[in-house]
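Data block below; observations after.
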Amino acid sequence: MSADTTPIATLPVTLTVNGRKVQRFVEPRTLLIHFLREELSLTGAHIGCETSHCGACTVEIDGLSVKSCTLFAVQADGAAVNTVEGLANPDGTLHALQEGFRQMHGLQCGFCTPGMLMRAKVLLSENPDPTEEEIRHGIAGNLCRCTGYQNIVKAIQHAAATLNGRVFQEAAE
Amino acid sequence: MIPGPFHYHRPTSVAEAVALLAAHGDDARPLAGGHSLIPMMKLRMAVPDHLVDLAAIPDLKGICEDGDRIVIGATTTQREVIGSDLLAARLPILAETARQIADPQIRTKGTFGGNVANGDPGNDMPALMQCLDAVYRLAGPDGSRTVPARDYYQGAYFTALEPGELLTAVEIPVPPAGHGYAYEKLKRKVGDYATAAAAVVLTLDGGTVATASIALTNVASTPLHAAAASALVIGTGLDAATLKAAADAAKAITDPATDGRGTAEYRREMAGVMVARALAKAMRRAKGA
Amino acid sequence: MNEMVITRAEREARLEGMGCKRKRVEDVRFTQGRGQYVDDIKLPGMLHGDFVRSQYAHAKITRIDASKALALPGVIAVLTAEELKPLGLHWMPTLAGDVQAVLADGKVCFQNQEIAFVIAEDRYIVDDALQLIEVEYEELPVLVDPFRALDPEAPVIRPDLDGKMVGAHGPRKHHNHIFEWTIGDRPGTDEAFAAAEVTVKEMISYHRTHPSPLETCQCLAAFDKVKGELTLYGTFQAPHVIRTVASLLSKIPEHKIHVIAPDIGGGFGNKVGAYSGYICSIVASIVTGLPVKWVEDRMENLSTTSFARDYHMTTEIAATRDGKVTGLRVHVLADHGAFDACADPSKWPAGFMNIVTGSYDFPVAHLAVDGVYTNKAPGGVAYRCSFRVTEAAYCIERGMDILAQKLGMDPADLRMKNFIRREQFPYQSALGWEYDSGDYHLAMQKAMDAIDYRALRAEQKARQEAFRRGETREIMGIGVTFFTEIVGAGPSKNCDILGVAMFDSAEIRIHPTGSIIARMGSKSQGQGHETTWAQIIATELGIPAADIMIEEGNTDTAPYGLGTYGSRSTPVAGAAIALAARKIRNKAQMIAAHLLEVSEYDLEWDIDGFRVKGNPERSKTMTEIAWAAYNSPPPGLEPGLEAVSYYDPPNMTYPFGAYFCVMDIDVDTGVAAIRRFYALDDCGTRINPMIIEGQVHGGLTEAFAIAMGQEIKYDAMGNVQGASFMDFFLPTAVETPKWETDHTVTPSPHHPIGAKGVGESPNVGGVPCFSNAVNDAFGFLGSTHIQMPHDAWRVWEAAKRLGAHG
């Protein structure tokens, strides 16, 4: 426990979450994942391992993929954070990735899915037409216990095809 | 798994950061990417009272060329290392190594400086820095100094960094154009530390090795610069006997622990295999194959 | 009149019934972050709880001092065994007939055992308080090796059982002995071995591992003092069983307990049992009058809430010289850890291990299982497995390969020679099961043709020669496996949990406008029940699946069921659904007859309604009938259109499959690269092929992990090793092989829709297939058996031992 007995001040954190500005005062040790889930009730991102291996907590911060269980909320002060809750298109239809996961059976229990989707979103922003190999390496920070990844790869290919104006031919296996 | 409470500081200059670290001594820790420190804090194996976040210090960021050296700022992320055109042209082994560290998200936050500074024997960049004979720039309350990578590591998590000091940048001498290189890492899965890994940089003179440098990851409590192994490949064409001799010389300086990656014997043997494979790959690359 | 021009095929397609690759309805919420898992639920005033755990594997507790923790602002209470004693809740019964300490009662028997439960206002304060609780120990000698458990001088792990020489499953022969379970014909088997031309014997270990779903075990208990009612949200694969157990333990009447299993982030057997966290959360909520949430972290999950396997199987096969098996003898040493908390049907202390004769026509067999205590975590759950079927399949499939090697026969040919033949079904196995159906030769031949098996063997031979000549450092292994599962537990004549027969249930209600709500006693953890259950109903009742809502997990509304594990949902709940639907259809037929003014015997079912035989123009759709059921039921028939079915299966179902793996091993590093993996599954009638394939992919990935490195290991002091995702091998997309899937269809003769269940097959068949591939690769160097897991360093050690390093 702390040897320094100075009271620890809560600090203001201002974020733009899914396009909406939010401000809260938090303990410095508040992890971003808890800030999102507890303070903002955005429970899409999950906690699966707490040691930054599983990626269930992955969110997009300033256009990059970050594991929110290994980041203090104060570190993200001023950032734009996107979570799975903000992924769907503005008209309410599913984002190409969400649709790809549904079409290709890219999820089962759904627990890894929000992190997987948010990781895939950034992956496609960096590499709009990835090969299977690139997808597999691109999602290697996200564990899935249900699907064996094969249909997740297809789901991302499906989304890439849609976003590139093509029709994805393969069926889910 | 929740970190203990701490005071959070976000200095905007190196001087300010160093002053904070000096003022709080052992009770303070610098925070860069946090991907080593925060998990330790969650386990309460690290309970700093003060965290000094380096993210808002512009001077610690970036990759630039300074004469015959490349200088990488401490808070440059692994992702930025991978994406750097300058490094791709001059020091491609950096991206090759960075790609084998952790996973995409961790490379997004994880910093180059954090990887070399904290003395975790599992980290990959320290051995590479020893291979490249890099020099670390340290800033402290009494001013700045430099320490060669080959002198920096003293034991697991023990380094030449004094309390109150901060690693600010790494200077890497650029090997000649056309050099051969390879970072060969054996690991159980993405995200794992090396069972054993070897970094090799070499140059050729005709068909034979003119200069060579070999270093090893995670087969001792510190990274290891394999000087003897490096010396004995010079002047050879890396025939099978030389590769075996180099591997043996490298193995001789290892002292791995038995862990989930394998027995000490296995990990020592794997250090040899990685050295031989890295040498062979570096040779192929140097020959332009 | 568009209806008139719709073709039969269009009518059929509109239903999205059985056999179609219907997209999952669950995905709409899961892909938008709108799933609701336990930790997503917040209740007003909610507190958090977590455990102080033992740092030692075996020790007396001499002092627990919580005063500093209690002084921390925000800490509400600290529970220890002393606080639970007056309530009689410091111990709890296990599903296996043993008892387990809820909180350590004076001693700890495994590392990370629960000692105290801290309750505070938020999870951060709980974690701070955990650091402040002082526990003093007096260390005791530690027993880790199950093979030393029955030594006369072995440490006494369970002094609470002192003098109790008869356990829940018969006599105990030692203070660390739990049970001996035997089945089969011992003298007949001994005779077969005495007369055998060829015998093989090998100790085949299946190491300890863990199901490790991505969501850990968690619960939220909310006791309403005014109403005297408990609402318990939790990650429960079997919510009704949890309600019954909670009622028996807490003495709260069962009707005042509301158990809700919301969305579950994977189960794989981990979430069947009852854990200390549930009991402590309930007690804490009763004590504080506030909701209390317990969420285990990953380290706690891997090291405490159950393990799987840890079976050490001495396997002997007798055979003729030309490869006909004549007898099987297996002895299992089963390491159950410190408490026997196996999640098996109550009368089956070794689960269905007696499926160990596999797919082969053994005339005689004998099986004995000894369960022992060690200083390890309790559990023994069926990790994507129907109660020790994975162990049995591994045992016999390794055994058959070992026999093939001894006989100099090809392992596929040996299997073909010994398969139970199609005409032998229903087949009485030597160890007491009646296999319902199968066509093993057809499946095996299809698989061998698909992968061009003979060509692979030829390639392997050439590569072995190249290896011997020093031209390559790679060796090639071909894994052959043919497994038979036993799932769908189970018939009440032999299956119960704590006395509750292992039936399952469904309730279907058709609304006046023709849409449906249906509820089951099963509980999806990712299997997609909301999608597939609707497909069964759609086919049975002619209502489009899109108009059918499936609800599971709320014990107030769902009929009593035994839950989802052991691939039992389709064989048991799936049958209940079909039968409930058929009850409704029978009534609908009466209503249709009334509406059409014909005898019900003059009607026939036609896709989505009834039509008059010989006069198909005259018909009523189910939607029209539904309206009539509420609007103008026939005289004498009560209104409404709903039914409940409780299904007690007449037999288990017996899915099977042929799996092949092609592997290349780098002998210098021990790294195995999976070149190809082909899985042919026969799960009977296929409800949704897309979901079946997904299940197979997932199960194969688990099998790959288990066979190639996933292990819960202990050091000599009983310290659990590597209980994090750094060390516990969960492959990423990079390591995971690509899967090829295929199928044959042999419907179950006794199941209403002929379905058999598939979820666990790939784990059951996959593990021996990977292991056989590794063993097959090294066979030509003189190896007969290499123990799992086959992680790189162990493979390298095998290579070294066999002289592959020169």
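By order of appearance in the structure tokens: chains A, B, ..., then residues from 1 within every chain, and ligands from 1 in the order shown.
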* Excluding Glu474 of chain C and any residue of its chain fewer than 5 positions from it, enumerate the residues within 10 Å of it, using only C-alpha atoms, and give them as JSON, numbers by chain. => {"C": [463, 464, 466, 467, 663, 664, 665, 666, 667, 668, 670, 671, 672, 777]}
Kindly save the residues from that selection, with N, CA, C and O atoms included, as a PDB file, in the first residue's frame.
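Generated output (again_18.pdb):
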ATOM      1  N   ARG C 463       9.650 -39.537 -47.324  1.00  0.00           N
ATOM      2  CA  ARG C 463      10.268 -38.504 -46.468  1.00  0.00           C
ATOM      3  C   ARG C 463      11.058 -39.122 -45.335  1.00  0.00           C
ATOM      4  O   ARG C 463      12.068 -38.556 -44.889  1.00  0.00           O
ATOM      5  N   GLN C 464      10.594 -40.228 -44.829  1.00  0.00           N
ATOM      6  CA  GLN C 464      11.368 -40.922 -43.794  1.00  0.00           C
ATOM      7  C   GLN C 464      12.723 -41.359 -44.351  1.00  0.00           C
ATOM      8  O   GLN C 464      13.758 -41.233 -43.690  1.00  0.00           O
ATOM      9  N   ALA C 466      14.279 -39.936 -46.809  1.00  0.00           N
ATOM     10  CA  ALA C 466      15.074 -38.712 -46.978  1.00  0.00           C
ATOM     11  C   ALA C 466      15.667 -38.257 -45.642  1.00  0.00           C
ATOM     12  O   ALA C 466      16.806 -37.798 -45.567  1.00  0.00           O
ATOM     13  N   PHE C 467      14.881 -38.419 -44.594  1.00  0.00           N
ATOM     14  CA  PHE C 467      15.374 -38.035 -43.265  1.00  0.00           C
ATOM     15  C   PHE C 467      16.555 -38.922 -42.874  1.00  0.00           C
ATOM     16  O   PHE C 467      17.580 -38.436 -42.393  1.00  0.00           O
ATOM     17  N   MET C 663       0.950 -33.647 -40.396  1.00  0.00           N
ATOM     18  CA  MET C 663       1.791 -32.767 -39.584  1.00  0.00           C
ATOM     19  C   MET C 663       3.256 -32.892 -40.006  1.00  0.00           C
ATOM     20  O   MET C 663       3.703 -33.986 -40.342  1.00  0.00           O
ATOM     21  N   ASP C 664       3.958 -31.783 -40.015  1.00  0.00           N
ATOM     22  CA  ASP C 664       5.400 -31.804 -40.287  1.00  0.00           C
ATOM     23  C   ASP C 664       6.129 -31.287 -39.058  1.00  0.00           C
ATOM     24  O   ASP C 664       5.842 -30.190 -38.579  1.00  0.00           O
ATOM     25  N   ILE C 665       7.060 -32.072 -38.557  1.00  0.00           N
ATOM     26  CA  ILE C 665       7.748 -31.718 -37.318  1.00  0.00           C
ATOM     27  C   ILE C 665       9.212 -31.399 -37.607  1.00  0.00           C
ATOM     28  O   ILE C 665       9.917 -32.197 -38.233  1.00  0.00           O
ATOM     29  N   ASP C 666       9.626 -30.232 -37.147  1.00  0.00           N
ATOM     30  CA  ASP C 666      11.028 -29.817 -37.220  1.00  0.00           C
ATOM     31  C   ASP C 666      11.731 -30.444 -36.019  1.00  0.00           C
ATOM     32  O   ASP C 666      11.516 -30.018 -34.881  1.00  0.00           O
ATOM     33  N   VAL C 667      12.540 -31.460 -36.251  1.00  0.00           N
ATOM     34  CA  VAL C 667      13.105 -32.187 -35.111  1.00  0.00           C
ATOM     35  C   VAL C 667      14.121 -31.346 -34.333  1.00  0.00           C
ATOM     36  O   VAL C 667      14.426 -31.643 -33.184  1.00  0.00           O
ATOM     37  N   ASP C 668      14.643 -30.294 -34.956  1.00  0.00           N
ATOM     38  CA  ASP C 668      15.644 -29.476 -34.260  1.00  0.00           C
ATOM     39  C   ASP C 668      15.034 -28.478 -33.285  1.00  0.00           C
ATOM     40  O   ASP C 668      15.708 -28.006 -32.371  1.00  0.00           O
ATOM     41  N   GLY C 670      11.452 -28.997 -32.403  1.00  0.00           N
ATOM     42  CA  GLY C 670      10.258 -29.647 -31.854  1.00  0.00           C
ATOM     43  C   GLY C 670       8.961 -28.988 -32.287  1.00  0.00           C
ATOM     44  O   GLY C 670       7.882 -29.359 -31.824  1.00  0.00           O
ATOM     45  N   VAL C 671       9.061 -28.014 -33.172  1.00  0.00           N
ATOM     46  CA  VAL C 671       7.851 -27.309 -33.608  1.00  0.00           C
ATOM     47  C   VAL C 671       7.100 -28.147 -34.644  1.00  0.00           C
ATOM     48  O   VAL C 671       7.699 -28.629 -35.608  1.00  0.00           O
ATOM     49  N   ALA C 672       5.809 -28.331 -34.399  1.00  0.00           N
ATOM     50  CA  ALA C 672       4.975 -29.109 -35.307  1.00  0.00           C
ATOM     51  C   ALA C 672       4.101 -28.165 -36.121  1.00  0.00           C
ATOM     52  O   ALA C 672       3.399 -27.335 -35.548  1.00  0.00           O
ATOM     53  N   ALA C 777       4.580 -39.691 -36.401  1.00  0.00           N
ATOM     54  CA  ALA C 777       5.792 -39.124 -37.001  1.00  0.00           C
ATOM     55  C   ALA C 777       7.040 -39.798 -36.444  1.00  0.00           C
ATOM     56  O   ALA C 777       8.015 -40.010 -37.157  1.00  0.00           O
TER      57      ALA C 777
END
* To do: Assign secondary structure with DSSP using the backbone only, and return the residues of segment 355-584 of chain C in strand (DSSP E or B) as a PyMOL selection string.
  => chain C and resi 360+365-372+419+427-428+434-435+474-484+487+496-497+500-501+504-510+516-520+548-552+554
Please report as CSV every residue of chain A lying within 6 Å of chain B, along with the nearest atom pair and their distance in Å (one decimal), using only C-alpha atoms.
residue,atom,partner,partner_atom,distance
A:Ser2,CA,B:Asp49,CA,5.8
A:Ile8,CA,B:His7,CA,6.0
A:Arg29,CA,B:Pro5,CA,5.9
A:Thr51,CA,B:Pro39,CA,5.7
A:Ser65,CA,B:Gln105,CA,5.3
A:Val66,CA,B:Gln105,CA,5.1
A:Gly141,CA,B:Asp103,CA,4.8
* To do: Find the residues around Lys493 of chain C up to 10 Å (only C-alpha atoms counted), leave out those fewer than 5 positions away in its own chain, and share them as a PyMOL selection string.
  => chain C and resi 501-502+648-651
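Residues of chain A lying within 7 Å of chain C, counting only C-alpha atoms, are Thr43, Gly44, Gly48, Cys49, His53, Val84, Glu85, Gln98, Arg102, Gln103, Gln108, Cys109, Gly110, Phe111, Thr113, Pro114, Arg136, His137, Ile139, Ala140, Leu143, Arg145, Cys146, Thr147, Gly148, Tyr149, Gln150, Ala172 and Glu173 of chain A.
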* Structure fact -> Between B:Glu171, B:Asp205, B:Asp85, B:Glu162, smallest distance to Gly235 of chain B by only C-alpha atoms belongs to B:Asp205
* If you run DSSP on the backbone, which residues of segment 145-270 of chain B are helix (DSSP H, G or I), as number ranges by chain? -> B: 149-152, 227-233, 240-252, 264-270
Would you output that residue set with N, CA, C and O atoms, as a compact mmCIF listing (two decimals), in the first residue's frame?
# COMPACT_ATOMS: atom_id res chain seq x y z
N ALA B 149 24.52 -0.12 -24.78
CA ALA B 149 23.57 -1.20 -24.50
C ALA B 149 24.28 -2.41 -23.92
O ALA B 149 23.72 -3.13 -23.09
N ARG B 150 25.49 -2.62 -24.37
CA ARG B 150 26.22 -3.81 -23.91
C ARG B 150 26.65 -3.69 -22.45
O ARG B 150 27.08 -4.67 -21.85
N ASP B 151 26.54 -2.48 -21.88
CA ASP B 151 26.89 -2.31 -20.45
C ASP B 151 25.67 -2.03 -19.58
O ASP B 151 25.81 -1.85 -18.36
N TYR B 152 24.52 -1.92 -20.18
CA TYR B 152 23.36 -1.38 -19.46
C TYR B 152 22.70 -2.41 -18.54
O TYR B 152 22.21 -2.10 -17.47
N ALA B 227 29.96 -12.35 -28.10
CA ALA B 227 31.17 -11.81 -28.74
C ALA B 227 32.00 -12.93 -29.36
O ALA B 227 32.48 -12.80 -30.50
N ALA B 228 32.18 -14.02 -28.62
CA ALA B 228 33.03 -15.10 -29.14
C ALA B 228 32.41 -15.72 -30.39
O ALA B 228 33.10 -15.97 -31.38
N ALA B 229 31.11 -15.95 -30.33
CA ALA B 229 30.42 -16.52 -31.49
C ALA B 229 30.55 -15.57 -32.68
O ALA B 229 30.76 -16.00 -33.83
N SER B 230 30.42 -14.27 -32.41
CA SER B 230 30.54 -13.28 -33.49
C SER B 230 31.92 -13.34 -34.11
O SER B 230 32.06 -13.33 -35.34
N ALA B 231 32.93 -13.43 -33.26
CA ALA B 231 34.32 -13.38 -33.76
C ALA B 231 34.63 -14.59 -34.63
O ALA B 231 35.31 -14.47 -35.65
N LEU B 232 34.09 -15.75 -34.23
CA LEU B 232 34.55 -16.92 -34.97
C LEU B 232 33.89 -17.13 -36.33
O LEU B 232 34.32 -17.99 -37.09
N VAL B 233 32.87 -16.33 -36.64
CA VAL B 233 32.32 -16.45 -38.00
C VAL B 233 33.01 -15.51 -38.98
O VAL B 233 32.87 -15.66 -40.20
N ALA B 240 28.74 -25.28 -42.78
CA ALA B 240 27.99 -25.97 -41.71
C ALA B 240 28.81 -26.05 -40.42
O ALA B 240 28.29 -25.86 -39.32
N ALA B 241 30.10 -26.32 -40.55
CA ALA B 241 30.93 -26.46 -39.35
C ALA B 241 31.02 -25.14 -38.60
O ALA B 241 30.99 -25.10 -37.36
N THR B 242 31.11 -24.04 -39.34
CA THR B 242 31.18 -22.72 -38.69
C THR B 242 29.87 -22.40 -37.99
O THR B 242 29.86 -21.88 -36.87
N LEU B 243 28.77 -22.71 -38.68
CA LEU B 243 27.47 -22.45 -38.05
C LEU B 243 27.36 -23.22 -36.73
O LEU B 243 26.89 -22.69 -35.73
N LYS B 244 27.82 -24.46 -36.75
CA LYS B 244 27.73 -25.25 -35.54
C LYS B 244 28.66 -24.67 -34.45
O LYS B 244 28.28 -24.57 -33.29
N ALA B 245 29.83 -24.27 -34.86
CA ALA B 245 30.77 -23.70 -33.89
C ALA B 245 30.21 -22.42 -33.29
O ALA B 245 30.32 -22.16 -32.08
N ALA B 246 29.59 -21.60 -34.14
CA ALA B 246 29.01 -20.34 -33.64
C ALA B 246 27.86 -20.64 -32.68
O ALA B 246 27.73 -20.00 -31.63
N ALA B 247 27.04 -21.60 -33.06
CA ALA B 247 25.93 -21.97 -32.19
C ALA B 247 26.46 -22.46 -30.85
O ALA B 247 25.95 -22.09 -29.78
N ASP B 248 27.49 -23.29 -30.90
CA ASP B 248 28.06 -23.82 -29.66
C ASP B 248 28.64 -22.69 -28.80
O ASP B 248 28.47 -22.69 -27.58
N ALA B 249 29.32 -21.77 -29.44
CA ALA B 249 29.91 -20.66 -28.68
C ALA B 249 28.82 -19.80 -28.05
O ALA B 249 28.96 -19.32 -26.92
N ALA B 250 27.74 -19.63 -28.78
CA ALA B 250 26.63 -18.84 -28.24
C ALA B 250 25.98 -19.58 -27.07
O ALA B 250 25.71 -19.00 -26.02
N LYS B 251 25.75 -20.87 -27.26
CA LYS B 251 25.13 -21.66 -26.19
C LYS B 251 25.95 -21.61 -24.91
O LYS B 251 25.41 -21.59 -23.81
N ALA B 252 27.27 -21.56 -25.08
CA ALA B 252 28.15 -21.63 -23.92
C ALA B 252 27.95 -20.46 -22.97
O ALA B 252 28.24 -20.58 -21.77
N ALA B 264 15.84 -25.86 -19.18
CA ALA B 264 17.02 -25.03 -19.43
C ALA B 264 17.83 -25.62 -20.59
O ALA B 264 18.31 -24.89 -21.46
N GLU B 265 17.93 -26.94 -20.62
CA GLU B 265 18.70 -27.60 -21.68
C GLU B 265 18.09 -27.28 -23.05
O GLU B 265 18.81 -26.91 -23.99
N TYR B 266 16.79 -27.41 -23.13
CA TYR B 266 16.12 -27.13 -24.40
C TYR B 266 16.34 -25.69 -24.83
O TYR B 266 16.69 -25.41 -25.98
N ARG B 267 16.16 -24.79 -23.89
CA ARG B 267 16.26 -23.38 -24.26
C ARG B 267 17.69 -23.01 -24.67
O ARG B 267 17.89 -22.17 -25.55
N ARG B 268 18.63 -23.65 -24.03
CA ARG B 268 20.02 -23.40 -24.43
C ARG B 268 20.24 -23.92 -25.86
O ARG B 268 20.83 -23.24 -26.70
N GLU B 269 19.76 -25.13 -26.11
CA GLU B 269 19.90 -25.69 -27.46
C GLU B 269 19.21 -24.80 -28.49
O GLU B 269 19.72 -24.61 -29.60
N MET B 270 18.05 -24.27 -28.11
CA MET B 270 17.31 -23.43 -29.06
C MET B 270 18.05 -22.13 -29.34
O MET B 270 17.97 -21.58 -30.44
* Asked: If we count only C-alpha atoms, what is near Val108 of chain C at a cut-off of 7 Å, once residues fewer than 5 positions away on the same chain are taken out, given as a list in words?
  -> Ser54, Ala57, His58, Ala59, Lys60 and Gln113 of chain C
Would you export the selected residues with C-alpha atoms as a short mmCIF file (atom, residue, chain, number, x, y, z; two decimals), in the first residue's frame, please?
data_model
loop_
_atom_site.label_atom_id
_atom_site.label_comp_id
_atom_site.auth_asym_id
_atom_site.auth_seq_id
_atom_site.Cartn_x
_atom_site.Cartn_y
_atom_site.Cartn_z
CA SER C 54 -4.22 -19.62 -0.08
CA ALA C 57 -1.04 -26.01 -1.53
CA HIS C 58 -1.33 -27.64 1.86
CA ALA C 59 -1.28 -25.85 5.21
CA LYS C 60 -3.06 -25.33 8.46
CA GLN C 113 -8.20 -22.17 -2.17
#
